[in-house]
$ cat entry-v6.csv   # CSV, C-alpha atoms
chain,number,residue,atom,x,y,z
T,1,MET,CA,29.1,0.4,17.0
T,2,THR,CA,28.1,1.9,13.6
T,3,ASP,CA,26.5,5.3,13.1
T,4,ILE,CA,23.3,3.6,12.1
T,5,THR,CA,22.9,1.8,15.4
T,6,ARG,CA,24.4,4.4,17.7
T,7,ARG,CA,21.9,6.0,20.0
T,8,ARG,CA,22.4,9.4,21.7
T,9,ILE,CA,21.0,10.0,25.2
T,10,LEU,CA,19.9,13.6,25.7
T,11,ALA,CA,19.1,14.5,29.3
T,12,SER,CA,16.6,17.2,29.8
T,13,GLY,CA,19.1,19.3,31.7
T,14,ALA,CA,22.8,19.5,32.5
T,15,THR,CA,22.5,18.3,36.1
T,16,LEU,CA,21.2,15.2,37.7
T,17,ALA,CA,18.4,17.1,39.3
T,18,ALA,CA,17.3,18.4,36.0
T,19,SER,CA,16.9,14.9,34.7
T,20,VAL,CA,14.0,14.3,37.0
T,21,ALA,CA,11.1,14.9,34.7
T,22,ALA,CA,7.8,16.5,35.6
T,23,PRO,CA,4.7,14.2,35.5
T,24,GLY,CA,4.0,13.1,32.0
T,25,VAL,CA,7.4,14.2,30.6
T,26,SER,CA,10.1,11.8,29.6
T,27,ALA,CA,13.3,12.1,31.7
T,28,GLN,CA,15.4,11.0,28.7
T,29,ARG,CA,15.2,11.4,25.0
T,30,ARG,CA,16.6,8.5,23.0
T,31,TYR,CA,17.3,9.2,19.4
T,32,ASP,CA,18.7,7.4,16.3
T,33,PRO,CA,19.9,9.1,13.2
T,34,GLY,CA,17.3,11.2,11.5
T,35,VAL,CA,15.7,12.5,14.7
T,36,SER,CA,16.3,15.6,16.8
T,37,ASP,CA,14.4,17.7,19.3
T,38,THR,CA,12.7,19.4,16.4
T,39,GLU,CA,12.7,17.1,13.4
T,40,ILE,CA,12.0,13.5,12.2
T,41,LYS,CA,13.4,12.7,8.7
T,42,LEU,CA,11.6,10.1,6.6
T,43,GLY,CA,12.8,8.7,3.3
T,44,HIS,CA,10.7,7.6,0.3
T,45,THR,CA,10.9,6.8,-3.4
T,46,SER,CA,8.1,6.7,-6.0
T,47,PRO,CA,7.8,6.4,-9.8
T,48,TYR,CA,7.2,10.1,-10.5
T,49,SER,CA,8.2,9.2,-14.0
T,50,GLY,CA,8.0,6.1,-16.2
T,51,PRO,CA,5.2,3.6,-17.0
T,52,LEU,CA,3.9,3.3,-13.5
T,53,SER,CA,3.8,7.1,-12.8
T,54,ALA,CA,0.1,6.8,-12.1
T,55,PHE,CA,1.2,5.7,-8.6
T,56,SER,CA,3.0,9.0,-8.1
T,57,VAL,CA,-0.3,10.4,-6.9
T,58,ALA,CA,0.3,8.6,-3.6
T,59,GLY,CA,3.7,10.2,-3.0
T,60,LYS,CA,2.3,13.6,-3.6
T,61,ALA,CA,-0.6,12.9,-1.2
T,62,THR,CA,1.8,11.8,1.5
T,63,THR,CA,3.7,15.0,1.2
T,64,ALA,CA,0.4,16.9,1.5
T,65,TYR,CA,-0.5,14.9,4.6
T,66,PHE,CA,2.8,15.8,6.3
T,67,ASN,CA,2.3,19.4,5.4
T,68,MET,CA,-0.9,19.3,7.4
T,69,ILE,CA,0.8,17.6,10.3
T,70,ASN,CA,3.6,20.1,10.4
T,71,ALA,CA,1.2,23.1,10.2
T,72,ALA,CA,-0.5,21.7,13.3
T,73,GLY,CA,2.8,21.6,15.2
T,74,GLY,CA,4.2,18.2,14.1
T,75,ILE,CA,4.3,15.0,16.2
T,76,ASN,CA,5.2,15.5,19.8
T,77,GLY,CA,6.7,18.9,18.8
T,78,ARG,CA,8.8,17.5,16.0
T,79,LYS,CA,8.2,18.5,12.3
T,80,ILE,CA,8.4,15.9,9.6
T,81,THR,CA,10.9,16.3,6.9
T,82,PHE,CA,9.7,14.0,4.1
T,83,ILE,CA,12.4,13.4,1.5
T,84,SER,CA,11.0,11.7,-1.7
T,85,TYR,CA,13.0,10.8,-4.8
T,86,ASP,CA,11.9,9.5,-8.2
T,87,ASP,CA,13.0,6.0,-8.9
T,88,GLY,CA,11.0,5.4,-12.0
T,89,TYR,CA,10.0,1.9,-10.7
T,90,GLN,CA,13.5,0.8,-11.6
T,91,PRO,CA,15.1,-1.4,-8.8
T,92,PRO,CA,18.7,-0.3,-9.5
T,93,LYS,CA,17.6,3.4,-9.2
T,94,THR,CA,15.7,2.5,-6.0
T,95,VAL,CA,18.9,1.0,-4.5
T,96,GLU,CA,20.8,4.2,-5.4
T,97,MET,CA,18.2,6.5,-4.0
T,98,VAL,CA,17.7,4.5,-0.8
T,99,ARG,CA,21.4,4.4,-0.1
T,100,LYS,CA,21.5,8.2,-0.5
T,101,LEU,CA,18.6,8.5,1.9
T,102,VAL,CA,20.2,6.4,4.5
T,103,GLU,CA,23.9,7.3,4.2
T,104,SER,CA,23.8,10.9,3.0
T,105,ASP,CA,20.4,12.3,4.0
T,106,GLU,CA,20.5,10.2,7.2
T,107,VAL,CA,16.8,9.5,7.4
T,108,PHE,CA,15.2,7.8,10.4
T,109,MET,CA,13.4,5.2,8.3
T,110,ILE,CA,12.2,4.4,4.8
T,111,PHE,CA,8.4,4.9,4.7
T,112,GLN,CA,5.7,3.8,2.2
T,113,LEU,CA,8.1,3.1,-0.6
T,114,LEU,CA,6.2,1.8,-3.6
T,115,GLY,CA,6.6,-1.4,-5.5
T,116,THR,CA,7.3,-5.0,-5.0
T,117,PRO,CA,10.6,-5.4,-7.0
T,118,THR,CA,11.8,-2.0,-5.8
T,119,ASN,CA,11.2,-3.0,-2.1
T,120,ILE,CA,12.8,-6.4,-2.6
T,121,ALA,CA,15.9,-4.7,-4.0
T,122,ILE,CA,16.5,-2.8,-0.8
T,123,GLN,CA,15.1,-5.3,1.8
T,124,LYS,CA,18.3,-7.0,2.7
T,125,TYR,CA,20.3,-3.8,2.8
T,126,LEU,CA,17.8,-2.0,5.2
T,127,ASN,CA,17.5,-5.1,7.4
T,128,ARG,CA,21.3,-5.4,7.6
T,129,LYS,CA,21.5,-1.7,8.5
T,130,GLN,CA,18.6,-2.1,10.9
T,131,VAL,CA,16.7,0.8,9.3
T,132,PRO,CA,12.9,0.4,9.3
T,133,GLN,CA,11.3,-0.3,5.9
T,134,LEU,CA,7.9,0.5,7.2
T,135,PHE,CA,4.3,0.4,5.9
T,136,ILE,CA,5.5,-0.1,2.3
T,137,PHE,CA,3.2,0.3,-0.6
T,138,SER,CA,3.1,-3.4,-1.7
T,139,GLY,CA,1.0,-6.4,-0.8
T,140,ALA,CA,3.7,-9.0,-1.5
T,141,SER,CA,3.6,-11.7,1.1
T,142,ARG,CA,7.4,-11.6,1.7
T,143,PHE,CA,6.9,-8.2,3.4
T,144,GLY,CA,5.3,-9.8,6.4
T,145,ASP,CA,8.1,-12.1,7.5
T,146,PRO,CA,9.4,-10.8,10.9
T,147,LYS,CA,11.6,-13.9,11.5
T,148,ASN,CA,13.8,-13.2,8.5
T,149,TYR,CA,13.2,-9.5,8.0
T,150,PRO,CA,12.4,-7.9,11.3
T,151,TRP,CA,12.8,-4.3,10.0
T,152,THR,CA,10.3,-4.7,7.1
T,153,MET,CA,6.5,-4.4,7.4
T,154,GLY,CA,3.8,-3.9,4.8
T,155,TRP,CA,0.3,-2.3,5.4
T,156,GLN,CA,-2.3,-3.4,2.9
T,157,PRO,CA,-3.8,-6.9,2.6
T,158,ASP,CA,-1.2,-9.1,0.9
T,159,TYR,CA,-1.7,-10.2,-2.7
T,160,ALA,CA,-1.9,-13.9,-1.8
T,161,THR,CA,-4.9,-13.2,0.5
T,162,GLU,CA,-6.5,-11.0,-2.2
T,163,GLY,CA,-6.0,-13.6,-4.9
T,164,GLY,CA,-7.5,-16.2,-2.6
T,165,VAL,CA,-10.7,-14.1,-2.1
T,166,TYR,CA,-11.2,-13.9,-5.9
T,167,ALA,CA,-10.7,-17.7,-6.2
T,168,LYS,CA,-13.2,-18.4,-3.5
T,169,HIS,CA,-15.8,-16.1,-5.1
T,170,ILE,CA,-15.3,-17.7,-8.5
T,171,LEU,CA,-15.8,-21.2,-7.0
T,172,ALA,CA,-19.0,-20.0,-5.3
T,173,SER,CA,-20.6,-17.9,-8.0
T,174,VAL,CA,-19.3,-18.7,-11.5
T,175,LYS,CA,-20.7,-21.8,-13.2
T,176,ASP,CA,-18.3,-23.7,-15.5
T,177,ALA,CA,-15.5,-21.2,-14.9
T,178,LYS,CA,-12.7,-20.9,-17.5
T,179,ILE,CA,-10.2,-18.5,-16.1
T,180,GLY,CA,-7.7,-16.3,-17.9
T,181,ILE,CA,-5.1,-14.5,-15.8
T,182,LEU,CA,-3.1,-11.4,-16.8
T,183,PHE,CA,-0.2,-10.5,-14.4
T,184,GLN,CA,2.8,-8.2,-14.2
T,185,ASN,CA,5.9,-10.3,-14.7
T,186,ASP,CA,7.5,-9.5,-11.3
T,187,ASP,CA,6.9,-10.5,-7.7
T,188,SER,CA,3.8,-8.4,-7.3
T,189,GLY,CA,1.9,-10.2,-10.1
T,190,LYS,CA,3.4,-13.6,-9.4
T,191,ASP,CA,2.4,-13.4,-5.7
T,192,GLY,CA,-1.3,-12.8,-6.6
T,193,VAL,CA,-1.2,-15.8,-9.0
T,194,VAL,CA,0.3,-18.1,-6.3
T,195,GLY,CA,-2.4,-17.0,-3.8
T,196,PHE,CA,-5.1,-17.4,-6.3
T,197,LYS,CA,-4.0,-20.9,-7.3
T,198,LYS,CA,-3.6,-22.0,-3.6
T,199,ALA,CA,-7.2,-20.9,-2.8
T,200,LEU,CA,-8.5,-22.4,-6.0
T,201,ARG,CA,-7.0,-25.7,-4.9
T,202,GLN,CA,-5.1,-28.1,-7.0
T,203,GLU,CA,-8.2,-30.1,-8.1
T,204,ASN,CA,-9.6,-26.9,-9.7
T,205,GLU,CA,-6.5,-25.6,-11.4
T,206,LYS,CA,-7.8,-27.0,-14.6
T,207,MET,CA,-10.2,-24.1,-14.6
T,208,ILE,CA,-7.3,-21.9,-15.6
T,209,VAL,CA,-7.3,-22.0,-19.4
T,210,ALA,CA,-4.6,-19.4,-20.0
T,211,THR,CA,-2.1,-17.1,-18.3
T,212,ALA,CA,-0.4,-14.1,-19.9
T,213,SER,CA,2.2,-11.8,-18.5
T,214,TYR,CA,3.6,-8.4,-19.5
T,215,GLU,CA,6.7,-6.3,-18.7
T,216,VAL,CA,6.3,-2.8,-17.3
T,217,THR,CA,8.2,-1.5,-20.3
T,218,ASP,CA,5.7,-3.0,-22.8
T,219,PRO,CA,3.7,-0.4,-24.8
T,220,THR,CA,0.5,-2.3,-24.8
T,221,ILE,CA,-1.0,-5.7,-23.8
T,222,ASP,CA,-3.4,-6.1,-26.7
T,223,SER,CA,-1.9,-9.5,-27.7
T,224,GLN,CA,-2.2,-10.8,-24.2
T,225,ILE,CA,-5.9,-9.9,-24.0
T,226,ILE,CA,-6.5,-11.6,-27.4
T,227,GLN,CA,-4.7,-14.7,-26.1
T,228,LEU,CA,-7.0,-14.9,-23.0
T,229,LYS,CA,-10.1,-14.4,-25.1
T,230,ASN,CA,-9.1,-16.9,-27.7
T,231,ALA,CA,-8.5,-19.5,-25.0
T,232,GLY,CA,-12.2,-19.4,-24.2
T,233,ALA,CA,-11.9,-17.7,-20.8
T,234,ASN,CA,-15.2,-16.5,-19.3
T,235,VAL,CA,-13.4,-15.2,-16.2
T,236,PHE,CA,-10.7,-12.5,-16.5
T,237,LEU,CA,-8.4,-12.1,-13.4
T,238,ASN,CA,-6.6,-8.8,-14.1
T,239,LEU,CA,-3.5,-8.5,-11.8
T,240,SER,CA,-2.1,-5.4,-13.5
T,241,SER,CA,-0.8,-2.0,-12.5
T,242,PRO,CA,-3.0,1.0,-13.5
T,243,LYS,CA,-1.9,1.7,-17.0
T,244,PHE,CA,-2.1,-1.9,-18.1
T,245,ALA,CA,-5.3,-2.6,-16.1
T,246,ALA,CA,-7.0,0.2,-18.0
T,247,GLN,CA,-5.7,-1.1,-21.3
T,248,GLY,CA,-6.9,-4.6,-20.5
T,249,ILE,CA,-10.4,-3.5,-19.6
T,250,ARG,CA,-10.7,-1.4,-22.7
T,251,LYS,CA,-9.3,-4.1,-25.1
T,252,ALA,CA,-11.7,-6.7,-23.7
T,253,GLN,CA,-14.6,-4.3,-24.5
T,254,ASP,CA,-13.3,-3.6,-28.0
T,255,LEU,CA,-13.0,-7.3,-28.7
T,256,GLY,CA,-16.6,-7.9,-27.6
T,257,TRP,CA,-15.2,-10.2,-24.8
T,258,ARG,CA,-17.6,-10.2,-21.8
T,259,PRO,CA,-16.0,-12.3,-19.1
T,260,VAL,CA,-16.6,-12.0,-15.3
T,261,GLN,CA,-13.8,-9.6,-14.3
T,262,TYR,CA,-11.7,-9.2,-11.1
T,263,LEU,CA,-9.3,-6.3,-10.7
T,264,THR,CA,-6.4,-6.2,-8.3
T,265,SER,CA,-7.0,-3.5,-5.6
T,266,PRO,CA,-4.0,-1.2,-6.2
T,267,SER,CA,-5.5,-0.5,-9.6
T,268,ALA,CA,-9.0,0.0,-8.5
T,269,SER,CA,-8.8,3.8,-9.0
T,270,VAL,CA,-11.8,5.4,-10.7
T,271,GLN,CA,-9.6,8.3,-11.9
T,272,SER,CA,-6.6,6.4,-13.0
T,273,VAL,CA,-8.1,3.2,-14.4
T,274,MET,CA,-11.9,2.9,-14.7
T,275,LYS,CA,-12.4,6.3,-16.3
T,276,PRO,CA,-9.5,5.9,-18.8
T,277,ALA,CA,-10.8,2.4,-19.6
T,278,GLY,CA,-14.3,3.8,-20.1
T,279,PHE,CA,-17.1,3.5,-17.7
T,280,ASP,CA,-19.0,1.4,-20.2
T,281,ALA,CA,-16.2,-1.1,-20.3
T,282,SER,CA,-15.9,-1.2,-16.5
T,283,GLN,CA,-19.3,-2.2,-15.4
T,284,ASP,CA,-19.6,-5.1,-12.9
T,285,ILE,CA,-15.8,-5.5,-12.5
T,286,MET,CA,-15.0,-6.7,-8.9
T,287,THR,CA,-12.2,-5.9,-6.6
T,288,ILE,CA,-11.5,-6.0,-2.8
T,289,ALA,CA,-11.9,-3.0,-0.6
T,290,TYR,CA,-10.8,-2.1,2.9
T,291,LEU,CA,-10.9,1.7,2.5
T,292,LYS,CA,-13.9,4.0,1.9
T,293,ASP,CA,-13.9,4.8,-1.8
T,294,PRO,CA,-14.6,8.5,-2.4
T,295,THR,CA,-16.8,7.7,-5.4
T,296,ASP,CA,-19.2,5.6,-3.3
T,297,PRO,CA,-22.2,7.8,-2.6
T,298,GLN,CA,-22.9,6.0,0.7
T,299,TRP,CA,-20.1,8.0,2.3
T,300,ALA,CA,-21.4,11.4,1.1
T,301,ASN,CA,-22.3,12.4,4.7
T,302,ASP,CA,-19.8,10.3,6.5
T,303,PRO,CA,-17.7,12.4,9.0
T,304,GLU,CA,-14.4,10.7,8.0
T,305,TYR,CA,-15.1,11.2,4.3
T,306,LEU,CA,-16.0,14.9,4.9
T,307,GLU,CA,-12.8,15.4,6.9
T,308,TRP,CA,-10.8,13.8,4.1
T,309,LYS,CA,-12.6,16.0,1.6
T,310,ARG,CA,-11.7,19.1,3.6
T,311,TRP,CA,-8.1,17.9,3.7
T,312,MET,CA,-8.0,17.4,0.0
T,313,GLU,CA,-9.5,20.9,-0.7
T,314,ARG,CA,-6.9,22.6,1.6
T,315,TRP,CA,-3.8,20.5,1.3
T,316,ASN,CA,-4.1,18.6,-1.9
T,317,PRO,CA,-6.3,20.8,-4.1
T,318,THR,CA,-5.0,19.9,-7.5
T,319,ALA,CA,-5.5,16.1,-7.0
T,320,SER,CA,-8.6,14.2,-8.0
T,321,MET,CA,-11.3,13.5,-5.5
T,322,ALA,CA,-12.1,10.4,-7.5
T,323,ASP,CA,-8.7,8.8,-7.1
T,324,TYR,CA,-8.4,6.0,-4.6
T,325,LEU,CA,-4.7,6.7,-4.5
T,326,ASN,CA,-5.4,9.9,-2.5
T,327,VAL,CA,-7.3,7.8,0.1
T,328,TYR,CA,-4.7,5.1,0.5
T,329,PRO,CA,-1.8,7.3,1.7
T,330,TYR,CA,-4.1,9.3,3.9
T,331,ALA,CA,-5.0,6.3,6.0
T,332,LEU,CA,-1.5,4.7,5.8
T,333,THR,CA,0.2,7.9,6.9
T,334,ALA,CA,-2.2,8.3,9.7
T,335,THR,CA,-1.0,4.9,10.9
T,336,LEU,CA,2.6,6.0,11.0
T,337,VAL,CA,1.6,9.2,12.8
T,338,GLU,CA,0.0,7.0,15.5
T,339,VAL,CA,3.1,4.9,15.8
T,340,LEU,CA,5.4,7.9,16.1
T,341,LYS,CA,3.1,9.4,18.8
T,342,ARG,CA,3.3,6.2,20.8
T,343,CYS,CA,7.1,6.4,20.6
T,344,GLY,CA,7.1,9.6,22.6
T,345,ASP,CA,10.7,10.7,23.1
T,346,ASN,CA,12.1,7.2,22.6
T,347,LEU,CA,12.6,7.7,18.9
T,348,THR,CA,14.9,4.8,18.1
T,349,ARG,CA,14.5,2.6,15.2
T,350,ALA,CA,14.0,-0.4,17.4
T,351,ASN,CA,11.2,1.3,19.3
T,352,VAL,CA,9.5,2.3,16.1
T,353,MET,CA,9.3,-1.4,15.1
T,354,LYS,CA,8.2,-2.3,18.6
T,355,GLN,CA,5.3,0.1,18.4
T,356,ALA,CA,4.4,-0.8,14.8
T,357,SER,CA,4.2,-4.5,15.8
T,358,SER,CA,2.0,-3.8,18.8
T,359,LEU,CA,-1.1,-2.4,17.2
T,360,ARG,CA,-4.3,-4.0,18.3
T,361,GLY,CA,-7.7,-2.8,17.0
T,362,LEU,CA,-6.3,0.4,15.7
T,363,ARG,CA,-8.8,2.4,13.6
T,364,VAL,CA,-7.5,5.1,11.3
T,365,PRO,CA,-9.7,7.4,9.2
T,366,MET,CA,-11.1,6.0,6.0
T,367,LEU,CA,-10.9,2.3,6.9
T,368,LEU,CA,-14.2,0.6,6.2
T,369,PRO,CA,-16.4,0.0,9.2
T,370,GLY,CA,-15.5,-3.1,11.1
T,371,ILE,CA,-11.9,-3.2,9.7
T,372,THR,CA,-9.0,-2.4,12.1
T,373,ILE,CA,-5.2,-2.6,12.1
T,374,ASN,CA,-3.7,-5.5,14.0
T,375,THR,CA,-0.1,-6.5,14.4
T,376,SER,CA,2.1,-8.4,16.8
T,377,PRO,CA,5.8,-9.4,17.0
T,378,THR,CA,4.9,-12.5,14.9
T,379,ASP,CA,2.2,-10.9,12.7
T,380,PHE,CA,3.5,-8.2,10.3
T,381,TYR,CA,0.3,-8.0,8.2
T,382,PRO,CA,-1.5,-5.0,9.5
T,383,ILE,CA,-4.7,-5.3,7.5
T,384,GLN,CA,-6.2,-8.7,6.9
T,385,SER,CA,-9.9,-8.0,6.7
T,386,LEU,CA,-11.7,-6.8,3.5
T,387,ARG,CA,-14.9,-6.7,1.5
T,388,LEU,CA,-15.7,-7.2,-2.1
T,389,ALA,CA,-16.9,-4.3,-4.3
T,390,ARG,CA,-18.5,-4.2,-7.7
T,391,PHE,CA,-18.2,-1.3,-10.2
T,392,LYS,CA,-21.6,0.2,-11.0
T,393,GLY,CA,-22.2,3.4,-13.0
T,394,GLU,CA,-19.2,5.6,-12.1
T,395,ALA,CA,-18.4,4.2,-8.6
T,396,TRP,CA,-17.6,1.1,-6.6
T,397,GLN,CA,-20.4,-0.5,-4.5
T,398,LEU,CA,-19.6,-2.8,-1.6
T,399,PHE,CA,-21.3,-6.1,-1.3
T,400,GLY,CA,-21.2,-9.1,1.0
T,401,ASP,CA,-19.8,-9.4,4.5
T,402,ILE,CA,-16.3,-8.7,5.8
T,403,ILE,CA,-13.8,-11.4,4.9
T,404,SER,CA,-11.1,-11.8,7.5
T,405,ASN,CA,-7.8,-13.7,7.5
T,406,GLU,CA,-6.5,-12.3,10.7
T,407,SER,CA,-4.7,-14.5,13.2
T,408,GLU,CA,-6.3,-14.7,16.6
$ encode --input "entry-v6.csv" --output "structure tokens"
Amino acid sequence: MTDITRRRILASGATLAASVAAPGVSAQRRYDPGVSDTEIKLGHTSPYSGPLSAFSVAGKATTAYFNMINAAGGINGRKITFISYDDGYQPPKTVEMVRKLVESDEVFMIFQLLGTPTNIAIQKYLNRKQVPQLFIFSGASRFGDPKNYPWTMGWQPDYATEGGVYAKHILASVKDAKIGILFQNDDSGKDGVVGFKKALRQENEKMIVATASYEVTDPTIDSQIIQLKNAGANVFLNLSSPKFAAQGIRKAQDLGWRPVQYLTSPSASVQSVMKPAGFDASQDIMTIAYLKDPTDPQWANDPEYLEWKRWMERWNPTASMADYLNVYPYALTATLVEVLKRCGDNLTRANVMKQASSLRGLRVPMLLPGITINTSPTDFYPIQSLRLARFKGEAWQLFGDIISNESE
């Protein structure tokens, strides 16, 4: 049996009598690598450098969250050691760093690793090693496939579902729609396009008058925006990462192009996208929402928002209160903490996946009212309910009812 799958049984004492636990105390402690009586080691990578470094905010916020947890005594008495490396959003570097995390640092799991191509690059390796690839920061549909990848689970609504919401809204609200699509030329962008086209339905695909893609190494996307405008598009579906999303919004404004705009949710940060693009250029852009946006004044007196604000002030004081990327890891990491609490002293990788795939009606702080986390052994999509939001002034405003794609 390999080191990765070996489990150690630690009795609570040296004698048989000592193994009889007091009420409420586990008689046995079952551990896999990365866990001890005092520690749980988690592995992570993020683009702290490179063209997608705007997402590094989430890695820093996750570190801040675990600092809070550790200061309060940890989880069931165990402190979290969060080991986070810079992969620059380069899949070969991600593979190198994740191998180091698993084989050298001996982490218990890989948690909240960012990016679709980066997670794809390590998915087979981690599943072969039976190391959880848990609550990853990507909405690619392939990360909810328990039959083929039982050790991989996403967290946010998948890109295909998100794209489908935009398609349905266009069909219902935009007359004589002519759609231009900008997407990142990797699995994250392509997945959104596929979901969008599926919901648009084949008979309406003629509404798409142009598509344009970009590479994450491109300096600008000016030519792509010009291409979409010149195709006569009156709808702009912007499936871009933050840097390019901001560029696209700004360029459309500079060109005098005024389409109906939809923006992919990972780039819906006021601080990282809307403000750099210009609030004047960002008006009426739509996105999906499943978390409370800190720029929305309706949450000003909300207890969860006020608690998040206190956390930001104490544990993440240099970060922006207007950045959605400080809310996302707050709620996501709270989900992991709940899973680890439910594991008790049975901290094996198999039990982590069992608990993660047994969440029903779980509410964590900063989820929108009416939205909960639901998983099962055959459903690895934790969040499949959302709402639409429209950018007004300097903040996102929710509209419409909850849209749900959850399995019964």
$ atom_distance --input "entry-v6.csv" --atom1 "atom CA of T:Arg258" --atom2 "atom CA of T:Val235"
8.6 Å
$ closest_atom_pairs --input "entry-v6.csv" --of "stretch 274-317 of chain T" --to "stretch 361-383 of chain T" --cutoff "10 Å" --atoms "all atoms listed in the file" --output "JSON lines"
{"residue": "T:Ala289", "atom": "CA", "partner": "T:Leu368", "partner_atom": "CA", "distance": 8.0}
{"residue": "T:Tyr290", "atom": "CA", "partner": "T:Leu368", "partner_atom": "CA", "distance": 5.5}
{"residue": "T:Leu291", "atom": "CA", "partner": "T:Leu367", "partner_atom": "CA", "distance": 4.4}
{"residue": "T:Lys292", "atom": "CA", "partner": "T:Met366", "partner_atom": "CA", "distance": 5.4}
{"residue": "T:Asp293", "atom": "CA", "partner": "T:Met366", "partner_atom": "CA", "distance": 8.4}
{"residue": "T:Pro294", "atom": "CA", "partner": "T:Met366", "partner_atom": "CA", "distance": 9.4}
{"residue": "T:Trp299", "atom": "CA", "partner": "T:Met366", "partner_atom": "CA", "distance": 9.9}
{"residue": "T:Asp302", "atom": "CA", "partner": "T:Met366", "partner_atom": "CA", "distance": 9.7}
{"residue": "T:Pro303", "atom": "CA", "partner": "T:Pro365", "partner_atom": "CA", "distance": 9.4}
{"residue": "T:Glu304", "atom": "CA", "partner": "T:Pro365", "partner_atom": "CA", "distance": 5.9}
{"residue": "T:Tyr305", "atom": "CA", "partner": "T:Met366", "partner_atom": "CA", "distance": 6.8}
{"residue": "T:Glu307", "atom": "CA", "partner": "T:Pro365", "partner_atom": "CA", "distance": 8.9}
{"residue": "T:Trp308", "atom": "CA", "partner": "T:Met366", "partner_atom": "CA", "distance": 8.0}
$ residues_around --input "entry-v6.csv" --residues "T:Lys93" --least-positions-apart "3" --cutoff "12 Å" --atoms "only C-alpha atoms" --output "mmCIF file with C-alpha atoms, keeping the file's coordinate frame"
data_model
loop_
_atom_site.group_PDB
_atom_site.id
_atom_site.type_symbol
_atom_site.label_atom_id
_atom_site.label_comp_id
_atom_site.auth_asym_id
_atom_site.auth_seq_id
_atom_site.Cartn_x
_atom_site.Cartn_y
_atom_site.Cartn_z
ATOM 1 C CA THR T 45 10.900 6.800 -3.400
ATOM 2 C CA SER T 46 8.100 6.700 -6.000
ATOM 3 C CA PRO T 47 7.800 6.400 -9.800
ATOM 4 C CA TYR T 85 13.000 10.800 -4.800
ATOM 5 C CA ASP T 86 11.900 9.500 -8.200
ATOM 6 C CA ASP T 87 13.000 6.000 -8.900
ATOM 7 C CA GLY T 88 11.000 5.400 -12.000
ATOM 8 C CA TYR T 89 10.000 1.900 -10.700
ATOM 9 C CA GLN T 90 13.500 0.800 -11.600
ATOM 10 C CA GLU T 96 20.800 4.200 -5.400
ATOM 11 C CA MET T 97 18.200 6.500 -4.000
ATOM 12 C CA VAL T 98 17.700 4.500 -0.800
ATOM 13 C CA ARG T 99 21.400 4.400 -0.100
ATOM 14 C CA LYS T 100 21.500 8.200 -0.500
ATOM 15 C CA PRO T 117 10.600 -5.400 -7.000
ATOM 16 C CA THR T 118 11.800 -2.000 -5.800
ATOM 17 C CA ASN T 119 11.200 -3.000 -2.100
ATOM 18 C CA ALA T 121 15.900 -4.700 -4.000
ATOM 19 C CA ILE T 122 16.500 -2.800 -0.800
#
$ atom_distance --input "entry-v6.csv" --atom1 "atom CA of T:Pro219" --atom2 "atom CA of T:Gln247"
10.1 Å
$ atom_distance --input "entry-v6.csv" --atom1 "atom CA of T:Leu340" --atom2 "atom CA of T:Gln355"
8.1 Å
$ residues_around --input "entry-v6.csv" --residues "T:Lys178" --least-positions-apart "4" --cutoff "7 Å" --atoms "all atoms listed in the file" --output "list in words"
Met207, Ile208, Val209, Gly232, Ala233, Asn234 and Val235 of chain T
$ write_last_selection --input "entry-v6.csv" --atoms "C-alpha atoms" --output "PDB file, in the frame of the given file"
ATOM      1  CA  MET T 207     -10.200 -24.100 -14.600  1.00  0.00           C
ATOM      2  CA  ILE T 208      -7.300 -21.900 -15.600  1.00  0.00           C
ATOM      3  CA  VAL T 209      -7.300 -22.000 -19.400  1.00  0.00           C
ATOM      4  CA  GLY T 232     -12.200 -19.400 -24.200  1.00  0.00           C
ATOM      5  CA  ALA T 233     -11.900 -17.700 -20.800  1.00  0.00           C
ATOM      6  CA  ASN T 234     -15.200 -16.500 -19.300  1.00  0.00           C
ATOM      7  CA  VAL T 235     -13.400 -15.200 -16.200  1.00  0.00           C
TER       8      VAL T 235
END
$ residues_near_point --input "entry-v6.csv" --point "(13.5, -12.4, 11.6)" --cutoff "12 Å" --atoms "only C-alpha atoms" --output "VMD selection string"
chain T and resid 124 127 to 128 130 142 to 153 377 to 380
$ closest_residue --input "entry-v6.csv" --among "T:Phe279, T:Trp311, T:Tyr324, T:Tyr166" --to "T:Leu386" --atoms "only C-alpha atoms"
T:Tyr166
$ closest_residue --input "entry-v6.csv" --among "T:Thr220, T:Ser404, T:Ser267, T:Thr116" --to "T:Ala54" --atoms "only C-alpha atoms"
T:Ser267
$ residues_around --input "entry-v6.csv" --residues "T:Phe137" --least-positions-apart "4" --cutoff "9 Å" --atoms "only C-alpha atoms" --output "list in words"
Phe111, Gln112, Leu113, Leu114, Gly115, Thr116, Asn119, Gly154, Trp155, Gln156 and Pro329 of chain T
$ residues_around --input "entry-v6.csv" --residues "T:Ser213" --least-positions-apart "4" --cutoff "7 Å" --atoms "only C-alpha atoms" --output "PDB file with C-alpha atoms, in the coordinates of the input"
ATOM      1  CA  LEU T 182      -3.100 -11.400 -16.800  1.00  0.00           C
ATOM      2  CA  PHE T 183      -0.200 -10.500 -14.400  1.00  0.00           C
ATOM      3  CA  GLN T 184       2.800  -8.200 -14.200  1.00  0.00           C
ATOM      4  CA  ASN T 185       5.900 -10.300 -14.700  1.00  0.00           C
TER       5      ASN T 185
END
